[in-house]
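*Asks:* Next up, start.txt (compact mmCIF, C-alpha atoms).
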# COMPACT_ATOMS: atom_id res chain seq x y z
CA MET P 23 0.00 0.00 0.00
CA GLY P 24 1.28 3.46 -0.88
CA ALA P 25 1.28 6.59 1.22
CA THR P 26 -1.97 7.60 2.90
CA LEU P 27 -3.13 11.02 1.72
CA ARG P 28 -4.02 13.71 4.22
CA GLY P 29 -4.77 17.41 4.36
CA ALA P 30 -5.16 19.57 1.26
CA LEU P 31 -4.07 16.84 -1.13
CA ALA P 32 -6.65 14.41 0.28
CA ALA P 33 -9.35 17.08 -0.04
CA ARG P 34 -8.27 17.76 -3.64
CA VAL P 35 -8.58 14.09 -4.56
CA PHE P 36 -12.03 13.80 -3.01
CA LEU P 37 -13.34 17.02 -4.57
CA CYS P 38 -12.16 16.07 -8.06
CA PHE P 39 -13.84 12.68 -7.89
CA ALA P 40 -16.94 14.11 -6.18
CA LEU P 41 -17.43 16.74 -8.89
CA GLY P 42 -17.23 14.07 -11.56
CA TYR P 43 -19.81 11.93 -9.80
CA LEU P 44 -22.04 14.95 -9.18
CA LEU P 45 -22.14 15.66 -12.92
CA SER P 46 -22.67 11.97 -13.68
CA TYR P 47 -25.66 11.69 -11.37
CA GLY P 48 -27.10 15.01 -12.53
CA LEU P 49 -26.98 13.83 -16.15
CA ARG P 50 -28.60 10.58 -15.08
CA ALA P 51 -31.57 12.49 -13.62
CA ILE P 52 -31.89 15.52 -15.89
CA ASN P 53 -34.37 14.00 -18.34
CA ALA P 54 -37.00 13.82 -15.60
CA VAL P 55 -37.05 17.65 -15.62
CA ILE P 56 -36.54 18.44 -19.31
CA ALA P 57 -38.91 15.67 -20.49
CA PRO P 58 -41.86 18.02 -21.26
CA ALA P 59 -39.63 20.30 -23.36
CA LEU P 60 -38.15 17.35 -25.27
CA MET P 61 -41.55 15.80 -25.93
CA ALA P 62 -43.08 19.10 -27.05
CA GLU P 63 -40.22 20.09 -29.39
CA LEU P 64 -39.61 16.68 -30.97
CA GLY P 65 -43.04 15.07 -30.64
CA LEU P 66 -41.79 12.13 -28.57
CA SER P 67 -44.08 9.46 -27.12
CA ASN P 68 -43.67 7.95 -23.66
CA ALA P 69 -41.95 4.96 -25.26
CA ASP P 70 -39.60 7.28 -27.20
CA LEU P 71 -38.75 9.16 -24.02
CA GLY P 72 -38.06 5.92 -22.15
CA LEU P 73 -35.85 4.64 -24.99
CA LEU P 74 -33.96 7.94 -25.12
CA SER P 75 -33.32 8.10 -21.39
CA SER P 76 -32.36 4.44 -21.20
CA ALA P 77 -29.51 5.02 -23.69
CA TYR P 78 -27.50 6.34 -20.73
CA PHE P 79 -28.02 3.13 -18.78
CA VAL P 80 -27.39 0.66 -21.58
CA SER P 81 -24.14 2.35 -22.63
CA PHE P 82 -23.08 2.79 -19.00
CA GLY P 83 -23.81 -0.87 -18.32
CA CYS P 84 -21.86 -2.06 -21.37
CA MET P 85 -18.80 -0.23 -20.07
CA GLN P 86 -18.68 -1.89 -16.67
CA LEU P 87 -16.71 -5.05 -17.48
CA PRO P 88 -13.94 -3.41 -19.55
CA LEU P 89 -13.91 -0.54 -17.05
CA GLY P 90 -12.79 -2.80 -14.21
CA ILE P 91 -9.81 -3.93 -16.30
CA TRP P 92 -8.89 -0.39 -17.43
CA LEU P 93 -8.93 0.93 -13.87
CA ASP P 94 -6.55 -1.82 -12.81
CA LYS P 95 -4.29 -1.35 -15.83
CA TYR P 96 -4.18 2.43 -16.33
CA GLY P 97 -5.28 3.79 -12.95
CA PRO P 98 -8.26 5.98 -12.01
CA ARG P 99 -6.73 9.33 -13.05
CA ARG P 100 -6.08 8.41 -16.67
CA THR P 101 -9.21 6.32 -17.08
CA GLU P 102 -11.74 8.82 -15.75
CA SER P 103 -10.18 11.93 -17.32
CA ALA P 104 -10.16 10.26 -20.77
CA LEU P 105 -13.74 9.01 -20.49
CA LEU P 106 -15.03 12.42 -19.38
CA LEU P 107 -13.89 13.77 -22.76
CA VAL P 108 -16.29 11.28 -24.36
CA ALA P 109 -19.06 12.53 -22.05
CA ALA P 110 -18.39 16.13 -23.11
CA ALA P 111 -18.63 15.09 -26.77
CA GLY P 112 -21.92 13.36 -25.99
CA ALA P 113 -23.32 16.50 -24.36
CA ILE P 114 -22.44 18.49 -27.49
CA VAL P 115 -24.09 15.88 -29.75
CA PHE P 116 -27.21 16.00 -27.54
CA ALA P 117 -27.31 19.79 -27.60
CA THR P 118 -27.12 19.96 -31.39
CA SER P 119 -29.39 17.05 -32.39
CA THR P 120 -32.83 17.43 -33.96
CA THR P 121 -33.80 13.75 -34.23
CA LEU P 122 -34.47 10.96 -31.77
CA ALA P 123 -31.53 8.99 -33.20
CA GLY P 124 -29.15 11.91 -32.68
CA LEU P 125 -30.36 12.49 -29.13
CA TRP P 126 -30.01 8.76 -28.39
CA LEU P 127 -26.41 8.80 -29.66
CA GLY P 128 -25.56 11.82 -27.52
CA ARG P 129 -27.14 10.24 -24.47
CA ALA P 130 -25.25 6.99 -25.10
CA LEU P 131 -21.92 8.82 -25.38
CA ILE P 132 -22.67 10.57 -22.10
CA GLY P 133 -23.32 7.20 -20.46
CA ILE P 134 -20.01 5.85 -21.77
CA GLY P 135 -18.15 8.94 -20.66
CA VAL P 136 -19.37 9.06 -17.06
CA SER P 137 -19.24 5.30 -16.52
CA ALA P 138 -16.04 5.54 -14.45
CA CYS P 139 -17.08 8.36 -12.14
CA LEU P 140 -17.89 6.20 -9.12
CA MET P 141 -15.72 3.15 -9.79
CA ALA P 142 -12.64 5.31 -10.48
CA ALA P 143 -13.20 7.08 -7.17
CA PHE P 144 -13.44 3.78 -5.29
CA LYS P 145 -10.26 2.57 -7.00
CA GLY P 146 -8.42 5.80 -6.14
CA TYR P 147 -9.58 5.72 -2.53
CA ARG P 148 -8.37 2.14 -2.15
CA LEU P 149 -4.94 3.11 -3.52
CA TRP P 150 -4.48 6.43 -1.74
CA PHE P 151 -6.40 6.32 1.56
CA ALA P 152 -6.25 4.20 4.69
CA PRO P 153 -8.64 1.21 4.89
CA GLU P 154 -10.60 2.72 7.78
CA ARG P 155 -11.51 5.72 5.60
CA GLN P 156 -13.13 3.68 2.82
CA SER P 157 -16.72 3.48 4.09
CA GLN P 158 -16.71 7.15 5.04
CA LEU P 159 -15.46 8.20 1.60
CA ALA P 160 -18.02 5.95 -0.09
CA SER P 161 -20.84 7.58 1.90
CA TRP P 162 -19.60 11.05 0.99
CA MET P 163 -19.52 10.07 -2.68
CA LEU P 164 -23.17 9.04 -2.50
CA VAL P 165 -23.98 12.40 -0.94
CA ALA P 166 -22.16 14.09 -3.84
CA GLY P 167 -24.14 11.99 -6.31
CA THR P 168 -27.44 12.90 -4.71
CA ALA P 169 -26.39 16.55 -4.78
CA GLY P 170 -26.05 16.05 -8.54
CA ALA P 171 -29.61 14.76 -8.66
CA LEU P 172 -30.69 17.83 -6.68
CA SER P 173 -28.95 20.08 -9.20
CA ALA P 174 -31.05 18.50 -11.96
CA THR P 175 -34.33 19.58 -10.33
CA VAL P 176 -35.01 23.19 -9.29
CA PRO P 177 -31.76 24.67 -10.72
CA VAL P 178 -32.40 23.12 -14.13
CA THR P 179 -36.05 24.20 -14.02
CA LEU P 180 -34.96 27.79 -13.33
CA ALA P 181 -32.36 27.66 -16.12
CA LEU P 182 -34.70 26.23 -18.76
CA PRO P 183 -36.48 29.51 -19.62
CA LEU P 184 -33.11 31.30 -19.87
CA LEU P 185 -30.97 28.76 -21.71
CA GLY P 186 -33.35 26.14 -23.06
CA TRP P 187 -32.47 22.46 -22.78
CA ARG P 188 -29.89 22.80 -25.55
CA GLY P 189 -28.10 25.63 -23.76
CA ILE P 190 -28.04 23.62 -20.54
CA PHE P 191 -26.22 20.80 -22.32
CA TRP P 192 -23.64 23.22 -23.72
CA VAL P 193 -22.94 24.33 -20.14
CA VAL P 194 -22.70 20.68 -19.07
CA ALA P 195 -20.19 19.97 -21.84
CA ALA P 196 -17.96 22.80 -20.58
CA LEU P 197 -18.17 21.53 -16.99
CA LEU P 198 -17.25 18.00 -18.07
CA LEU P 199 -14.17 19.30 -19.86
CA LEU P 200 -13.12 21.26 -16.76
CA VAL P 201 -13.50 18.28 -14.44
CA SER P 202 -11.61 16.04 -16.88
CA ALA P 203 -8.71 18.49 -16.89
CA ALA P 204 -8.80 18.83 -13.10
CA ILE P 205 -8.63 15.07 -12.56
CA PHE P 206 -5.83 14.59 -15.06
CA VAL P 207 -3.67 17.48 -13.80
CA LEU P 208 -4.45 17.81 -10.09
CA LEU P 209 -4.38 14.11 -9.19
CA ARG P 210 -0.95 13.48 -10.67
CA THR P 211 0.59 14.48 -7.33
CA ALA P 212 -1.56 11.95 -5.51
CA GLU P 213 -0.31 9.20 -7.80
CA GLN P 214 3.30 10.25 -7.31
CA GLN P 215 3.02 10.57 -3.55
CA ALA P 216 1.26 7.22 -3.18
CA GLY P 217 3.79 5.60 -5.49
CA GLN P 218 1.05 3.44 -7.01
CA ALA P 219 -0.20 5.24 -10.10
CA VAL P 220 -0.94 1.93 -11.78
CA LEU P 221 -1.32 -1.43 -10.12
CA PRO P 222 -1.01 -4.21 -12.71
CA VAL P 223 -3.22 -6.71 -10.89
CA LEU P 224 -4.71 -8.25 -14.01
CA ALA P 225 -2.90 -11.47 -13.32
CA ALA P 226 -4.72 -11.78 -10.02
CA GLY P 227 -8.11 -11.91 -11.67
CA GLY P 228 -8.13 -11.55 -15.43
CA ASP P 229 -11.10 -12.78 -17.41
CA GLY P 230 -11.26 -15.77 -15.12
CA GLY P 231 -12.17 -13.37 -12.35
CA TYR P 232 -15.38 -12.41 -14.10
CA ARG P 233 -16.20 -16.05 -14.74
CA ARG P 234 -15.75 -16.73 -11.04
CA ILE P 235 -17.99 -13.81 -10.08
CA PHE P 236 -20.81 -14.60 -12.51
CA GLY P 237 -20.61 -18.26 -11.50
CA SER P 238 -21.20 -17.42 -7.83
CA ALA P 239 -24.62 -18.18 -6.36
CA TYR P 240 -24.11 -15.41 -3.81
CA PHE P 241 -23.44 -12.87 -6.55
CA TRP P 242 -26.80 -13.69 -8.09
CA ARG P 243 -28.54 -13.57 -4.73
CA MET P 244 -27.47 -9.94 -4.55
CA GLY P 245 -27.44 -9.30 -8.29
CA VAL P 246 -31.19 -9.83 -8.69
CA LEU P 247 -31.76 -7.01 -6.19
CA GLY P 248 -29.51 -4.76 -8.29
CA LEU P 249 -31.25 -5.82 -11.49
CA ALA P 250 -34.80 -5.33 -10.23
CA ASN P 251 -35.11 -3.26 -7.05
CA HIS P 252 -32.09 -0.97 -7.36
CA GLY P 253 -32.35 -0.65 -11.15
CA ILE P 254 -36.08 0.10 -11.18
CA PHE P 255 -35.66 2.79 -8.53
CA PHE P 256 -33.00 4.44 -10.70
CA ALA P 257 -35.44 4.39 -13.61
CA LEU P 258 -38.16 5.99 -11.49
CA GLN P 259 -35.88 8.56 -9.89
CA THR P 260 -34.13 9.64 -13.07
CA LEU P 261 -37.10 9.71 -15.44
CA TRP P 262 -40.57 8.53 -14.48
CA ALA P 263 -40.94 10.33 -11.13
CA GLY P 264 -41.44 13.63 -12.99
CA PRO P 265 -44.12 12.39 -15.44
CA TRP P 266 -45.80 10.52 -12.55
CA MET P 267 -46.23 13.74 -10.57
CA MET P 268 -47.80 15.54 -13.54
CA THR P 269 -49.77 12.70 -15.16
CA VAL P 270 -50.95 10.77 -12.11
CA LEU P 271 -51.03 13.39 -9.36
CA GLY P 272 -51.83 16.45 -11.51
CA LYS P 273 -48.88 18.58 -10.37
CA THR P 274 -47.53 21.47 -12.40
CA GLN P 275 -43.99 21.43 -13.76
CA ALA P 276 -42.88 23.89 -11.05
CA GLN P 277 -44.49 21.78 -8.32
CA THR P 278 -42.90 18.66 -9.78
CA ALA P 279 -39.46 20.27 -9.71
CA ARG P 280 -39.88 21.12 -6.02
CA ILE P 281 -41.08 17.60 -5.23
CA LEU P 282 -38.12 16.05 -7.06
CA PHE P 283 -35.81 18.38 -5.14
CA ALA P 284 -37.38 17.20 -1.86
CA LEU P 285 -37.11 13.55 -2.99
CA ASN P 286 -33.40 13.85 -3.65
CA ALA P 287 -32.79 15.88 -0.48
CA VAL P 288 -34.40 13.14 1.62
CA LEU P 289 -32.40 10.55 -0.29
CA MET P 290 -29.15 12.41 0.44
CA LEU P 291 -29.95 12.67 4.15
CA SER P 292 -30.89 9.00 4.20
CA TYR P 293 -27.51 8.04 2.75
CA LEU P 294 -25.83 10.06 5.49
CA ALA P 295 -28.01 8.45 8.16
CA LEU P 296 -27.29 4.93 6.92
CA GLY P 297 -23.56 5.64 6.82
CA TRP P 298 -23.79 6.61 10.48
CA ALA P 299 -26.17 3.86 11.59
CA ALA P 300 -24.97 0.78 9.68
CA PRO P 301 -21.75 0.13 11.64
CA ARG P 302 -23.54 0.78 14.92
CA LEU P 303 -26.31 -1.67 14.05
CA ALA P 304 -23.67 -4.23 13.02
CA ARG P 305 -21.98 -3.89 16.43
CA ARG P 306 -25.36 -4.62 18.02
CA GLY P 307 -25.67 -7.83 16.07
CA TRP P 308 -27.79 -6.73 13.11
CA ASN P 309 -26.84 -8.86 10.11
CA SER P 310 -26.51 -6.87 6.87
CA HIS P 311 -28.80 -9.36 5.09
CA ARG P 312 -31.49 -8.63 7.66
CA LEU P 313 -31.13 -4.88 7.07
CA ILE P 314 -31.33 -5.41 3.32
CA GLY P 315 -34.48 -7.52 3.61
CA ILE P 316 -36.22 -4.94 5.81
CA GLY P 317 -35.18 -2.01 3.61
CA ILE P 318 -36.32 -3.66 0.37
CA ALA P 319 -39.64 -4.53 2.04
CA GLY P 320 -40.05 -0.84 2.87
CA MET P 321 -39.43 0.07 -0.76
CA LEU P 322 -42.09 -2.39 -1.90
CA LEU P 323 -44.64 -1.11 0.62
CA ALA P 324 -44.06 2.52 -0.38
CA GLN P 325 -44.56 1.75 -4.07
CA GLY P 326 -47.64 -0.36 -3.31
CA ALA P 327 -49.14 2.60 -1.46
CA MET P 328 -48.40 4.84 -4.48
CA LEU P 329 -50.67 2.64 -6.58
CA LEU P 330 -53.62 3.45 -4.32
CA ALA P 331 -52.97 7.00 -3.13
CA THR P 332 -54.86 9.79 -4.92
CA GLY P 333 -54.93 12.78 -2.53
CA PRO P 334 -52.94 16.02 -2.84
CA ASP P 335 -50.33 14.70 -0.41
CA ALA P 336 -49.79 11.40 -2.23
CA TRP P 337 -46.36 12.63 -3.37
CA LEU P 338 -45.13 12.20 0.21
CA LEU P 339 -45.02 8.46 -0.43
CA TRP P 340 -42.05 9.10 -2.74
CA LEU P 341 -40.21 10.52 0.28
CA ALA P 342 -41.01 7.33 2.19
CA LEU P 343 -39.50 5.39 -0.69
CA ALA P 344 -36.36 7.57 -0.53
CA LEU P 345 -35.97 6.76 3.16
CA CYS P 346 -35.66 3.05 2.32
CA VAL P 347 -33.59 3.18 -0.88
CA PRO P 348 -30.12 3.70 0.71
CA VAL P 349 -30.22 0.10 1.95
CA THR P 350 -29.29 -0.84 -1.62
CA THR P 351 -25.78 0.45 -0.89
CA LEU P 352 -25.40 -2.43 1.56
CA VAL P 353 -26.18 -4.81 -1.31
CA GLN P 354 -23.32 -3.41 -3.39
CA SER P 355 -20.95 -3.32 -0.40
CA ASN P 356 -21.65 -6.99 0.32
CA VAL P 357 -20.84 -7.90 -3.28
CA GLY P 358 -17.50 -6.08 -3.12
CA LEU P 359 -16.58 -7.77 0.16
CA ALA P 360 -17.78 -11.23 -0.87
CA PHE P 361 -14.74 -11.96 -3.04
CA PRO P 362 -10.96 -11.74 -2.51
CA ALA P 363 -9.51 -8.23 -2.65
CA ALA P 364 -7.98 -8.85 -6.09
CA LEU P 365 -11.48 -9.32 -7.49
CA ALA P 366 -13.28 -6.58 -5.56
CA GLY P 367 -13.15 -4.05 -8.41
CA ARG P 368 -14.49 -6.57 -10.89
CA ALA P 369 -17.19 -7.65 -8.44
CA ASN P 370 -18.40 -4.05 -8.08
CA SER P 371 -18.34 -3.57 -11.84
CA ALA P 372 -20.29 -6.80 -12.35
CA TYR P 373 -22.93 -5.60 -9.88
CA ASN P 374 -23.10 -2.24 -11.63
CA LEU P 375 -23.74 -4.09 -14.87
CA GLN P 376 -26.81 -5.74 -13.33
CA LEU P 377 -27.96 -2.42 -11.93
CA PHE P 378 -27.79 -0.58 -15.22
CA ILE P 379 -29.32 -3.39 -17.24
CA GLY P 380 -32.26 -3.18 -14.86
CA ALA P 381 -32.42 0.61 -15.12
CA PHE P 382 -32.30 0.48 -18.93
CA ALA P 383 -35.05 -2.12 -19.14
CA ALA P 384 -37.22 -0.26 -16.63
CA GLN P 385 -36.83 3.18 -18.20
CA TRP P 386 -37.82 1.90 -21.61
CA GLY P 387 -40.23 -0.80 -20.45
CA PHE P 388 -42.21 1.54 -18.18
CA GLY P 389 -42.90 3.84 -21.14
CA VAL P 390 -43.81 0.91 -23.42
CA LEU P 391 -46.23 -0.44 -20.81
CA ALA P 392 -47.83 2.95 -20.18
CA ASP P 393 -48.38 3.50 -23.90
CA ALA P 394 -49.75 -0.04 -24.34
CA PHE P 395 -52.26 0.40 -21.53
CA LYS P 396 -53.37 3.74 -23.05
CA VAL P 397 -53.87 2.10 -26.45
CA HIS P 398 -56.19 -0.40 -24.78
CA GLY P 399 -58.34 2.36 -23.33
CA ALA P 400 -56.78 3.20 -19.96
CA PRO P 401 -56.63 6.91 -19.07
CA SER P 402 -53.07 8.24 -18.77
CA GLY P 403 -53.04 8.21 -14.97
CA HIS P 404 -54.34 4.65 -14.77
CA ALA P 405 -51.86 3.56 -17.44
CA PHE P 406 -49.01 4.84 -15.29
CA ARG P 407 -50.37 3.04 -12.21
CA MET P 408 -50.66 -0.23 -14.13
CA ALA P 409 -47.09 0.16 -15.41
CA LEU P 410 -45.85 0.69 -11.84
CA ALA P 411 -47.82 -2.35 -10.67
CA SER P 412 -46.03 -4.43 -13.32
CA VAL P 413 -42.52 -3.38 -12.29
CA LEU P 414 -43.47 -3.70 -8.62
CA ALA P 415 -44.30 -7.36 -9.22
CA LEU P 416 -40.79 -7.89 -10.60
CA GLN P 417 -39.27 -6.23 -7.55
CA ALA P 418 -41.31 -8.41 -5.21
CA ALA P 419 -40.13 -11.54 -7.03
CA ALA P 420 -36.47 -10.47 -6.69
CA TRP P 421 -36.95 -9.76 -2.96
CA LEU P 422 -38.50 -13.20 -2.42
CA TYR P 423 -35.59 -14.84 -4.26
CA PHE P 424 -33.15 -12.98 -2.00
CA LEU P 425 -35.00 -14.18 1.11
CA ALA P 426 -35.26 -17.77 -0.12
CA SER P 427 -31.61 -18.09 -1.17
CA ARG P 428 -29.12 -19.38 1.37
CA ALA P 429 -26.01 -18.62 -0.72
CA GLN P 430 -23.14 -17.16 1.32
CA PRO P 431 -20.12 -15.06 0.27
CA GLU P 432 -16.78 -16.64 -0.56
CA ALA P 433 -14.96 -14.28 1.80
CA LYS P 434 -16.50 -12.96 4.98
CA PRO P 435 -16.80 -9.14 5.05
CA GLU P 436 -13.96 -7.60 7.00
Could you quickly redo this structure as structure tokens?
*Replies:*
Amino acid sequence: MGATLRGALAARVFLCFALGYLLSYGLRAINAVIAPALMAELGLSNADLGLLSSAYFVSFGCMQLPLGIWLDKYGPRRTESALLLVAAAGAIVFATSTTLAGLWLGRALIGIGVSACLMAAFKGYRLWFAPERQSQLASWMLVAGTAGALSATVPVTLALPLLGWRGIFWVVAALLLLVSAAIFVLLRTAEQQAGQAVLPVLAAGGDGGYRRIFGSAYFWRMGVLGLANHGIFFALQTLWAGPWMMTVLGKTQAQTARILFALNAVLMLSYLALGWAAPRLARRGWNSHRLIGIGIAGMLLAQGAMLLATGPDAWLLWLALALCVPVTTLVQSNVGLAFPAALAGRANSAYNLQLFIGAFAAQWGFGVLADAFKVHGAPSGHAFRMALASVLALQAAAWLYFLASRAQPEAKPE
């Protein structure tokens, strides 16, 4: 292990990675706010909007397996700074496109470009910080990500009349270029001081490492939760929460922006609370699997209540959902700790692949289902409820599989 970073240099490393993840998460969520403008200007259907937004997730997901190898081979500084250039190009393509195909390409390039923002940070923290700092840094990164989701709500809504959605993406492209340069230039010192700019650990895992991970029964016990529960929440948070507020609950665009801001604020505070509470609960004998089972049950109950609630305060159920969602971070942590350290990066990337496959399928599939129910005579609000009921059934099945499985990790969490 190289030198442990402290002081200003440690803060510089964290801020560079946090800014990248903030932009990544903001871009993940921005379509929930600009959806009405996109649909009005380009005449998109719900299915078109779902397909467009899911381009981020499918491209992001396709990057996960090679990403784990690149991070090990080239290091987090080079990998993330190079990929952020691709994201900036994608933002420019998105800003200048006039067709669904062009927008899809831009969105896909963005997904490719920001695919390293969290995994590169975790790799850098493992190389440059003491082991006891890892969980704290991971929690702070999730707070930074949720701050990005917050930035895609009220701030974007306020900027839309001034810049338009195209102008917003030009600004995003400039910010991506700045963060890419900051990571490449400012983190060079961290690499030099740690003395471990690149760790060639491919021989420890290689392609066989992925075969070992995907062949693990425990990986799939957790992976189905990433595929269904975690992935579907991402689809709701980053796209369908906005249309739900307006179509099902009759909120205005301004009201929807404020509700989405509150949703992400509660989510951010919940991440902080879980980061504080999880180790304390573990010391009191609470098994992480038990916490996961309870948290996922809470997510299912909140979404089930959404199907029935119709009053003016029904949006508060989304805040109840946000209170339960952070338990999904325990799922990903367990996957990373379930395998030897040499495979931890690949294990996290493999889990991310499941997560983003689920998010892609849910973003697109929710729109397809809503349109199909409308074609068969359901009013728009009822069509959305029926689509949510369908994806809720998938989440319940994944939760039951998790509870029924007795698969255990290869390596006990440290």
*Asks:* From the options P:Val201, P:Leu64, P:Leu377, P:Leu140, which residue's atoms come nearest to Leu247 (chain P), counting all atoms listed in the file?
*Replies:* P:Leu377
*Asks:* Region 51-54 of chain P: which residues within 8 Å, counting only C-alpha atoms, same-chain residues fewer than 6 positions away excluded, as a PyMOL selection string?
*Replies:* chain P and resi 75+171+174-175+178+259-265
*Asks:* Env of region 35-39 of chain P: 10 Å cut, atoms = all atoms listed in the file, seq-sep filter 6 positions within chain, self excluded. Answer as an MDAnalysis selection string.
*Replies:* chainID P and resid 27:28 98:99 102 138:144 146:147 150 159 162:163 166 201:206 208:212
*Asks:* Keeping only C-alpha atoms, write those residues as a tab-separated table (two decimals), in the coordinates of the input.
*Replies:*
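The result, written out as out_10.tsv:
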chain	number	residue	atom	x	y	z
P	27	LEU	CA	-3.13	11.02	1.72
P	28	ARG	CA	-4.02	13.71	4.22
P	98	PRO	CA	-8.26	5.98	-12.01
P	99	ARG	CA	-6.73	9.33	-13.05
P	102	GLU	CA	-11.74	8.82	-15.75
P	138	ALA	CA	-16.04	5.54	-14.45
P	139	CYS	CA	-17.08	8.36	-12.14
P	140	LEU	CA	-17.89	6.20	-9.12
P	141	MET	CA	-15.72	3.15	-9.79
P	142	ALA	CA	-12.64	5.31	-10.48
P	143	ALA	CA	-13.20	7.08	-7.17
P	144	PHE	CA	-13.44	3.78	-5.29
P	146	GLY	CA	-8.42	5.80	-6.14
P	147	TYR	CA	-9.58	5.72	-2.53
P	150	TRP	CA	-4.48	6.43	-1.74
P	159	LEU	CA	-15.46	8.20	1.60
P	162	TRP	CA	-19.60	11.05	0.99
P	163	MET	CA	-19.52	10.07	-2.68
P	166	ALA	CA	-22.16	14.09	-3.84
P	201	VAL	CA	-13.50	18.28	-14.44
P	202	SER	CA	-11.61	16.04	-16.88
P	203	ALA	CA	-8.71	18.49	-16.89
P	204	ALA	CA	-8.80	18.83	-13.10
P	205	ILE	CA	-8.63	15.07	-12.56
P	206	PHE	CA	-5.83	14.59	-15.06
P	208	LEU	CA	-4.45	17.81	-10.09
P	209	LEU	CA	-4.38	14.11	-9.19
P	210	ARG	CA	-0.95	13.48	-10.67
P	211	THR	CA	0.59	14.48	-7.33
P	212	ALA	CA	-1.56	11.95	-5.51
*Asks:* How big is the axis-aligned box around all listed atoms of region 302-317 of chain P once 5 Å goes on each side, and where's its centre, in Å to one decimal, as AutoDock Vina command-line options?
*Replies:*
--center_x -29.1 --center_y -4.3 --center_z 10.7 --size_x 24.2 --size_y 20.1 --size_z 24.7
*Asks:* CA of Ile254 (chain P) and CA of Ala383 (chain P) are how many Å apart?
*Replies:*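 Separation of CA of Ile254 (chain P) and CA of Ala383 (chain P): 8.3 Å.
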